[in-house]
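Have a look at run.cif below; it lists mmCIF, C-alpha atoms and all ligand atoms.
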```cif
data_data
#
loop_
_atom_site.label_atom_id
_atom_site.label_comp_id
_atom_site.auth_asym_id
_atom_site.auth_seq_id
_atom_site.Cartn_x
_atom_site.Cartn_y
_atom_site.Cartn_z
CA MET U 181 0.00 0.00 0.00
CA VAL U 182 1.32 3.45 -0.91
CA ILE U 183 0.82 6.18 1.68
CA ALA U 184 0.55 9.50 -0.13
CA ARG U 185 0.86 12.65 1.97
CA THR U 186 1.26 15.16 -0.81
CA ILE U 187 -0.70 15.85 -3.98
CA GLN U 188 2.38 14.89 -6.01
CA GLU U 189 2.71 11.53 -4.23
CA LEU U 190 -0.99 10.85 -4.78
CA LYS U 191 -0.77 11.69 -8.48
CA GLU U 192 2.23 9.40 -8.98
CA ALA U 193 0.62 6.51 -7.11
CA ARG U 194 -2.70 7.01 -8.91
CA ALA U 195 -0.95 6.94 -12.30
CA SER U 196 0.37 3.47 -11.51
CA LEU U 197 -3.13 2.00 -10.90
CA LYS U 198 -4.57 0.28 -13.94
CA GLY U 199 -8.22 -0.51 -14.72
CA SER U 200 -11.21 0.63 -12.65
CA VAL U 201 -10.58 2.37 -9.34
CA GLY U 202 -12.89 2.82 -6.35
CA PHE U 203 -12.54 5.71 -3.90
CA VAL U 204 -13.61 5.86 -0.26
CA PRO U 205 -13.32 9.35 1.28
CA THR U 206 -13.19 9.39 5.10
CA MET U 207 -12.24 11.56 8.05
CA GLY U 208 -10.46 8.61 9.67
CA ALA U 209 -11.08 6.82 12.99
CA LEU U 210 -12.12 4.00 10.68
CA HIS U 211 -14.74 1.52 11.86
CA GLN U 212 -16.71 -1.39 10.43
CA GLY U 213 -18.91 1.05 8.48
CA HIS U 214 -15.89 2.43 6.59
CA LEU U 215 -14.55 -1.10 6.17
CA SER U 216 -17.77 -2.17 4.46
CA LEU U 217 -17.32 0.70 1.95
CA ILE U 218 -13.71 -0.32 1.35
CA GLN U 219 -14.70 -3.97 0.89
CA ARG U 220 -17.39 -3.03 -1.61
CA ALA U 221 -14.93 -0.79 -3.47
CA LYS U 222 -12.50 -3.73 -3.58
CA GLU U 223 -15.13 -6.11 -4.92
CA GLU U 224 -16.22 -3.76 -7.68
CA ASN U 225 -12.88 -2.29 -8.85
CA ASP U 226 -9.34 -3.26 -9.81
CA GLY U 227 -7.82 -0.74 -7.38
CA VAL U 228 -8.91 1.15 -4.25
CA VAL U 229 -7.97 4.59 -2.93
CA VAL U 230 -8.93 5.70 0.60
CA SER U 231 -8.49 9.24 1.93
CA VAL U 232 -8.21 10.15 5.61
CA PHE U 233 -8.56 13.89 6.13
CA VAL U 234 -10.36 15.70 8.94
CA ASN U 235 -11.69 18.51 6.78
CA PRO U 236 -11.74 21.80 8.74
CA THR U 237 -14.09 23.64 6.38
CA GLN U 238 -17.04 21.36 7.16
CA PHE U 239 -16.87 22.00 10.91
CA LEU U 240 -18.70 25.04 12.27
CA GLU U 241 -17.29 27.40 14.89
CA GLY U 242 -17.53 25.63 18.27
CA GLU U 243 -17.92 22.12 16.79
CA ASP U 244 -15.62 19.21 17.58
CA LEU U 245 -12.84 19.80 15.00
CA ASP U 246 -10.03 19.65 17.58
CA ALA U 247 -11.54 16.76 19.52
CA TYR U 248 -12.50 14.73 16.44
CA PRO U 249 -10.91 11.27 16.90
CA ARG U 250 -7.61 10.90 15.03
CA ARG U 251 -6.13 7.37 14.82
CA GLU U 252 -3.62 7.53 12.01
CA GLU U 253 -1.69 4.35 12.83
CA ALA U 254 -4.82 2.24 13.38
CA ASP U 255 -6.32 3.62 10.15
CA ARG U 256 -3.16 2.72 8.26
CA LEU U 257 -3.26 -0.87 9.55
CA ILE U 258 -6.97 -1.26 8.74
CA CYS U 259 -6.40 -0.04 5.18
CA GLU U 260 -3.34 -2.23 4.71
CA ARG U 261 -5.17 -5.36 5.91
CA ALA U 262 -8.19 -4.50 3.74
CA GLY U 263 -5.96 -4.45 0.65
CA VAL U 264 -6.20 -0.72 -0.11
CA ASP U 265 -3.76 0.36 -2.85
CA ILE U 266 -3.36 4.04 -1.96
CA LEU U 267 -4.01 5.72 1.38
CA PHE U 268 -4.08 9.50 0.94
CA MET U 269 -3.43 11.38 4.19
CA PRO U 270 -2.77 15.01 3.29
CA THR U 271 -2.12 17.97 5.54
CA ILE U 272 -4.42 21.01 5.55
CA ASP U 273 -1.77 23.02 3.65
CA GLN U 274 -1.79 20.48 0.83
CA MET U 275 -5.55 20.76 0.42
CA TYR U 276 -6.26 24.48 0.89
CA GLU U 277 -4.88 27.88 0.07
CA LYS U 278 -6.06 31.22 1.49
CA ASP U 279 -9.03 33.00 -0.10
CA GLU U 280 -10.26 30.03 -2.08
CA LEU U 281 -12.86 29.91 -4.80
CA CYS U 282 -15.78 28.05 -3.21
CA ILE U 283 -18.68 26.00 -4.38
CA GLY U 284 -21.88 26.22 -2.38
CA ALA U 285 -24.61 23.82 -1.34
CA PRO U 286 -27.94 24.36 -3.15
CA ALA U 287 -30.16 27.00 -1.56
CA ILE U 288 -33.02 24.68 -0.53
CA ARG U 289 -31.76 21.12 -0.21
CA GLY U 290 -28.48 22.33 1.30
CA TYR U 291 -30.14 24.41 4.03
CA ILE U 292 -32.77 22.08 5.49
CA LEU U 293 -32.29 19.43 8.20
CA GLU U 294 -28.50 19.05 8.65
CA GLY U 295 -27.95 22.17 6.58
CA GLU U 296 -30.28 24.19 8.80
CA LYS U 297 -28.72 22.92 12.03
CA ARG U 298 -25.17 23.19 10.68
CA PRO U 299 -25.24 26.13 8.20
CA GLY U 300 -22.14 26.07 6.02
CA HIS U 301 -21.33 22.44 6.79
CA PHE U 302 -22.36 21.22 3.36
CA ASP U 303 -20.41 23.98 1.57
CA GLY U 304 -17.22 22.72 3.23
CA MET U 305 -18.12 19.08 2.66
CA LEU U 306 -18.80 19.64 -1.07
CA GLN U 307 -15.62 21.72 -1.42
CA ILE U 308 -13.43 18.90 -0.10
CA VAL U 309 -15.29 16.12 -1.92
CA MET U 310 -14.90 18.06 -5.21
CA LYS U 311 -11.15 18.37 -4.56
CA LEU U 312 -10.81 14.71 -3.63
CA LEU U 313 -12.80 13.46 -6.62
CA ASN U 314 -10.72 15.62 -8.97
CA LEU U 315 -7.46 14.46 -7.43
CA THR U 316 -8.24 10.76 -7.27
CA GLN U 317 -9.94 10.55 -10.72
CA THR U 318 -11.66 7.29 -9.86
CA THR U 319 -14.32 5.25 -11.63
CA ARG U 320 -16.58 5.03 -8.56
CA ALA U 321 -16.79 6.70 -5.14
CA TYR U 322 -18.49 5.08 -2.14
CA PHE U 323 -20.67 6.98 0.36
CA GLY U 324 -22.74 5.65 3.26
CA LYS U 325 -26.51 6.16 3.39
CA LYS U 326 -26.16 7.16 7.05
CA ASP U 327 -25.25 10.66 5.86
CA ALA U 328 -28.25 10.63 3.56
CA GLN U 329 -28.29 14.36 2.84
CA GLN U 330 -24.54 14.41 2.21
CA LEU U 331 -25.00 11.54 -0.24
CA ALA U 332 -27.84 13.36 -2.06
CA LEU U 333 -25.80 16.57 -2.32
CA VAL U 334 -22.68 14.78 -3.57
CA MET U 335 -24.82 13.08 -6.23
CA GLN U 336 -26.26 16.46 -7.17
CA MET U 337 -22.77 18.00 -7.42
CA VAL U 338 -21.64 15.18 -9.70
CA ARG U 339 -24.76 15.75 -11.83
CA ASN U 340 -24.58 19.58 -11.87
CA TYR U 341 -20.82 19.75 -12.55
CA PHE U 342 -20.76 16.78 -14.97
CA LEU U 343 -18.12 14.98 -12.95
CA ASN U 344 -16.99 11.73 -14.45
CA VAL U 345 -17.50 9.42 -11.48
CA GLU U 346 -20.24 7.03 -10.35
CA ILE U 347 -21.41 7.62 -6.78
CA VAL U 348 -22.28 4.34 -5.07
CA PRO U 349 -24.67 4.58 -2.07
CA CYS U 350 -23.88 1.96 0.59
CA GLU U 351 -26.05 0.51 3.37
CA ILE U 352 -25.80 1.72 6.97
CA VAL U 353 -23.76 -0.58 9.22
CA ARG U 354 -25.05 -1.07 12.79
CA ASP U 355 -23.64 -2.71 15.90
CA GLU U 356 -25.30 -5.83 17.30
CA LYS U 357 -27.83 -3.70 19.21
CA GLY U 358 -28.75 -1.51 16.26
CA LEU U 359 -26.66 1.62 16.87
CA ALA U 360 -25.54 3.07 13.53
CA LEU U 361 -21.74 3.08 13.46
CA SER U 362 -20.11 6.50 13.58
CA SER U 363 -16.68 7.80 14.56
CA ARG U 364 -18.48 10.10 17.01
CA ASN U 365 -19.85 7.07 18.95
CA ALA U 366 -16.40 7.10 20.56
CA TYR U 367 -17.63 10.04 22.68
CA LEU U 368 -20.47 7.97 24.25
CA SER U 369 -20.21 6.53 27.77
CA SER U 370 -21.71 3.03 28.20
CA GLU U 371 -24.88 4.51 29.73
CA GLU U 372 -25.19 6.97 26.83
CA LYS U 373 -24.58 4.16 24.34
CA GLU U 374 -27.66 2.39 25.70
CA ARG U 375 -29.74 5.58 25.47
CA ALA U 376 -28.41 6.27 21.97
CA LEU U 377 -30.25 3.14 20.85
CA CYS U 378 -33.46 5.17 20.97
CA LEU U 379 -32.56 6.60 17.54
CA SER U 380 -32.58 3.22 15.79
CA ARG U 381 -35.53 2.08 17.94
CA SER U 382 -37.55 5.08 16.78
CA LEU U 383 -36.81 4.17 13.17
CA LYS U 384 -37.79 0.55 13.83
CA ARG U 385 -41.05 1.76 15.34
CA ALA U 386 -41.67 3.85 12.21
CA THR U 387 -40.92 0.88 9.94
CA LYS U 388 -43.33 -1.32 11.91
CA MET U 389 -46.05 1.30 11.58
CA VAL U 390 -45.51 1.54 7.84
CA MET U 391 -45.54 -2.25 7.52
CA ALA U 392 -48.82 -2.27 9.42
CA GLY U 393 -50.25 0.15 6.85
CA GLU U 394 -49.86 3.47 8.73
CA LEU U 395 -48.57 5.99 6.18
CA ASP U 396 -49.48 9.26 7.90
CA ALA U 397 -46.23 11.16 8.48
CA GLN U 398 -47.60 13.16 11.43
CA LYS U 399 -48.64 10.00 13.31
CA ILE U 400 -45.33 8.29 12.61
CA ARG U 401 -43.42 11.38 13.79
CA SER U 402 -45.29 11.56 17.10
CA GLU U 403 -44.70 7.84 17.82
CA MET U 404 -41.02 8.32 17.04
CA LEU U 405 -40.79 11.33 19.36
CA GLU U 406 -42.18 9.14 22.18
CA VAL U 407 -39.35 6.63 21.66
CA LEU U 408 -36.83 9.46 21.40
CA LYS U 409 -37.60 10.73 24.90
CA GLU U 410 -34.46 8.88 26.06
CA ALA U 411 -32.29 11.31 24.06
CA ASP U 412 -31.13 14.54 25.73
CA GLU U 413 -32.45 16.68 22.91
CA VAL U 414 -34.11 15.84 19.62
CA GLU U 415 -33.13 18.21 16.82
CA TYR U 416 -35.41 16.84 14.15
CA VAL U 417 -37.49 13.92 13.00
CA ALA U 418 -38.16 14.32 9.30
CA ILE U 419 -40.09 12.30 6.78
CA VAL U 420 -39.10 13.26 3.25
CA ASP U 421 -39.10 11.88 -0.26
CA ARG U 422 -35.82 10.89 -1.93
CA ALA U 423 -35.45 14.48 -3.18
CA PHE U 424 -35.66 15.66 0.45
CA ARG U 425 -39.07 17.30 0.13
CA ALA U 426 -41.25 17.01 3.25
CA ILE U 427 -44.17 14.65 2.66
CA GLU U 428 -47.45 14.04 4.46
CA LYS U 429 -47.83 10.41 3.44
CA VAL U 430 -45.09 7.79 3.29
CA GLU U 431 -44.66 6.40 -0.18
CA ILE U 432 -42.97 3.04 -0.15
CA GLY U 433 -39.89 3.10 -2.38
CA ASP U 434 -39.55 6.90 -2.24
CA THR U 435 -39.27 7.85 1.44
CA ILE U 436 -36.45 8.55 3.90
CA ILE U 437 -37.14 8.95 7.61
CA LEU U 438 -34.36 10.85 9.37
CA VAL U 439 -33.57 11.68 12.96
CA ALA U 440 -30.94 13.85 14.65
CA ALA U 441 -30.55 13.97 18.43
CA TRP U 442 -28.06 14.75 21.16
CA VAL U 443 -27.12 11.96 23.57
CA GLY U 444 -24.42 13.10 26.00
CA LYS U 445 -21.60 14.82 24.13
CA PRO U 446 -22.26 13.78 20.55
CA ARG U 447 -24.97 14.80 18.17
CA LEU U 448 -26.12 11.60 16.46
CA ILE U 449 -27.95 11.07 13.17
CA ASP U 450 -29.66 8.01 11.75
CA ASN U 451 -32.19 7.22 9.05
CA ILE U 452 -34.06 4.55 7.23
CA TRP U 453 -34.93 4.33 3.53
CA ILE U 454 -38.44 3.03 2.99
O1 LIG Z 501 -18.56 11.60 5.55
C1 LIG Z 501 -17.42 12.02 5.82
O2 LIG Z 501 -16.63 11.37 6.52
C2 LIG Z 501 -16.97 13.37 5.27
O3 LIG Z 501 -18.04 14.25 5.22
C3 LIG Z 501 -16.26 13.27 3.91
C4 LIG Z 501 -17.18 12.77 2.82
C5 LIG Z 501 -15.06 12.35 4.02
C6 LIG Z 501 -15.76 14.66 3.50
O4 LIG Z 501 -14.89 15.20 4.42
#
```
Kindly return the structure encoded in the file as structure tokens.
Amino acid sequence: MVIARTIQELKEARASLKGSVGFVPTMGALHQGHLSLIQRAKEENDGVVVSVFVNPTQFLEGEDLDAYPRREEADRLICERAGVDILFMPTIDQMYEKDELCIGAPAIRGYILEGEKRPGHFDGMLQIVMKLLNLTQTTRAYFGKKDAQQLALVMQMVRNYFLNVEIVPCEIVRDEKGLALSSRNAYLSSEEKERALCLSRSLKRATKMVMAGELDAQKIRSEMLEVLKEADEVEYVAIVDRAFRAIEKVEIGDTIILVAAWVGKPRLIDNIWI
């Protein structure tokens, strides 16, 4: 495995990869969820590139940029064992200059839900993903459905800017109790980890209701909010179509139910695609 720390090293290593290439962008502290993306990229491509970069422009003032878990050596070992060809671990200076030209999230879809709670987050996320996609020049790039809005916006950027890459949405990976895996779960105490299960439980409750024929979004939301009482604060429960428009009735095959809530230190998100 080549470890590239500069743009030049990445370009040289990338030039030596032949055939199709899959790319998995990450902010490190790799877990089973990332590993499932890497494994899928390996299955579907001749070569695999992974990036580990805690991107400062997608963190808002006062968010956990400094505290965000950094585990460079463990990440390196995980990638090596998973058969990754290139691990790109750049510094901030390599990726950014002062007074940059920016691309912005779309005015509606980029400023609802996560975009409303974290204004500017998606601008920074799209900025770095655009850079990484341009640098890695891969056939496919793999994104988890857990960050459903991020995934939708990346797909829109690829569409709007005619980028030559296929975005592959990948299933959410959960622990044995149902908690969606996230690097930020590292902040949870064991008591909080138990309480954090209310997010996935609320989504299970919603799924059960839908399976029993209840399609009314208002009713599903209120049941979910009951289950979410174990969280410290619920930021939103949203029922939207796949284009992220709020809907009053669940339509099977075109609905995403999303939740964001604080449990202890971290703000957690989860969702289910119906
Ligand atoms: O999902 C993430 O880890 C990040 O938002 C990403 C896509 C690596 C961009 O920094």
Sort by chain and increasing residue number a table of all residues of chain U within 7 Å of ligand LIG 501 (chain Z), each with its closest pair of atoms and their distance in Å to one decimal, counting all atoms listed in the file, and write it as CSV.
```
residue,atom,partner,partner_atom,distance
U:Pro205,CA,Z:LIG501,C5,4.4
U:Thr206,CA,Z:LIG501,C5,3.7
U:Met207,CA,Z:LIG501,O2,4.7
U:Phe233,CA,Z:LIG501,O4,6.7
U:Val234,CA,Z:LIG501,O4,6.4
U:Asn235,CA,Z:LIG501,O4,5.2
U:Met305,CA,Z:LIG501,C6,5.1
U:Ile308,CA,Z:LIG501,O4,6.0
U:Val309,CA,Z:LIG501,C6,5.6
U:Asp327,CA,Z:LIG501,O1,6.8
```
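We find atom CA of Ala184 of chain U and atom CA of Asp244 of chain U to be spaced 25.9 Å apart.
For the point (-40.1, 8.6, 19.4), the residues with at least one atom inside 10 Å, counting only C-alpha atoms, are Cys378, Leu379, Ser380, Arg381, Ser382, Leu383, Arg385, Ala386, Ile400, Arg401, Ser402, Glu403, Met404, Leu405, Glu406, Val407, Leu408, Lys409, Glu410, Ala411, Val414, Val417 and Val439 of chain U.
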Using atom CA of Ala397 of chain U and atom CA of Glu428 of chain U as the two end points, give the distance in Å to one decimal.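 Interatomic distance here is 5.1 Å.
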Box for segment 398-403 of chain U: with edges along x, y and z, all listed atoms inside and 5 Å added on each side, what are the centre and edge lengths in Å to one decimal, as AutoDock Vina command-line options?
```
--center_x -46.0 --center_y 10.5 --center_z 14.6 --size_x 15.2 --size_y 15.3 --size_z 16.4
```
Would you compute the distance between atom CA of Ser370 of chain U and atom CA of Leu210 of chain U? Give it in Å to one decimal.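 Taking atom CA of Ser370 of chain U as the start and atom CA of Leu210 of chain U as the end point, the length is 20.0 Å.
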Leu245 of chain U: which residues within 10 Å, counting all atoms listed in the file, same-chain residues fewer than 4 positions away excluded, as number ranges by chain? U: 234-241, 249
What does the file look like for those residues with C-alpha atoms, as a short mmCIF file (atom, residue, chain, number, x, y, z; two decimals), in the frame of the given file?
```
data_model
loop_
_atom_site.label_atom_id
_atom_site.label_comp_id
_atom_site.auth_asym_id
_atom_site.auth_seq_id
_atom_site.Cartn_x
_atom_site.Cartn_y
_atom_site.Cartn_z
CA VAL U 234 -10.36 15.70 8.94
CA ASN U 235 -11.69 18.51 6.78
CA PRO U 236 -11.74 21.80 8.74
CA THR U 237 -14.09 23.64 6.38
CA GLN U 238 -17.04 21.36 7.16
CA PHE U 239 -16.87 22.00 10.91
CA LEU U 240 -18.70 25.04 12.27
CA GLU U 241 -17.29 27.40 14.89
CA PRO U 249 -10.91 11.27 16.90
#
```
With distances taken over all atoms listed in the file, which residue among U:Glu243, U:Glu394, U:Glu189, U:Glu431 lies nearest Ile419 of chain U?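 Among U:Glu243, U:Glu394, U:Glu189, U:Glu431, it is U:Glu431 that comes nearest to Ile419 of chain U.
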Which residue, U:Arg298, U:Phe203, U:Arg220, U:Thr387, has the smallest gap to Gly242 of chain U when you use all atoms listed in the file?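 The closest residue to Gly242 of chain U is U:Arg298.
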With a distance cut-off of 8 Å and only C-alpha atoms, select the neighbouring residues of segment 252-268 of chain U, excluding the residue or stretch itself and same-chain residues fewer than 4 positions from it, and output the selection as JSON, numbers by chain. {"U": [181, 182, 183, 184, 185, 186, 190, 193, 194, 208, 209, 210, 215, 218, 219, 222, 227, 228, 229, 230, 231, 232]}
Set the distance at 8 Å and use only C-alpha atoms: which residues neighbour Val348 of chain U once local chain neighbours fewer than 5 positions away are removed? I'd like the list as an MDAnalysis selection string. chainID U and resid 320:323
List every protein, DNA or RNA residue that has an atom no more than 7 Å from (-5.0, 11.2, -6.5) in the file's coordinate frame, counting only C-alpha atoms, and report them as a list in words.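 Every residue inside that radius is included here: Ile187, Leu190, Lys191, Arg194, Leu315, Thr316 and Gln317 of chain U.
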Shortest interatomic distance to Ile449 of chain U - which of U:Arg289, U:Lys326, U:Lys297, U:Arg250, counting all atoms listed in the file: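 Going through U:Arg289, U:Lys326, U:Lys297, U:Arg250 one by one, the smallest distance to Ile449 of chain U is for U:Lys326.
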Point out the residue among U:Glu371, U:Ala332, U:Ala376, U:Lys325 with the least atom-to-atom distance to Lys357 of chain U, counting only C-alpha atoms.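 Closest to Lys357 of chain U of all the choices is U:Ala376.
In terms of minimum interatomic distance to Asp355 of chain U, U:Leu377 ranks closest within U:Gly433, U:Ile292, U:Leu377, U:Met275, counting all atoms listed in the file.
Comparing U:Arg339, U:Thr319, U:Asp421, U:Ile432 by their smallest distance to Gly393 of chain U, the closest is U:Ile432 (using all atoms listed in the file).
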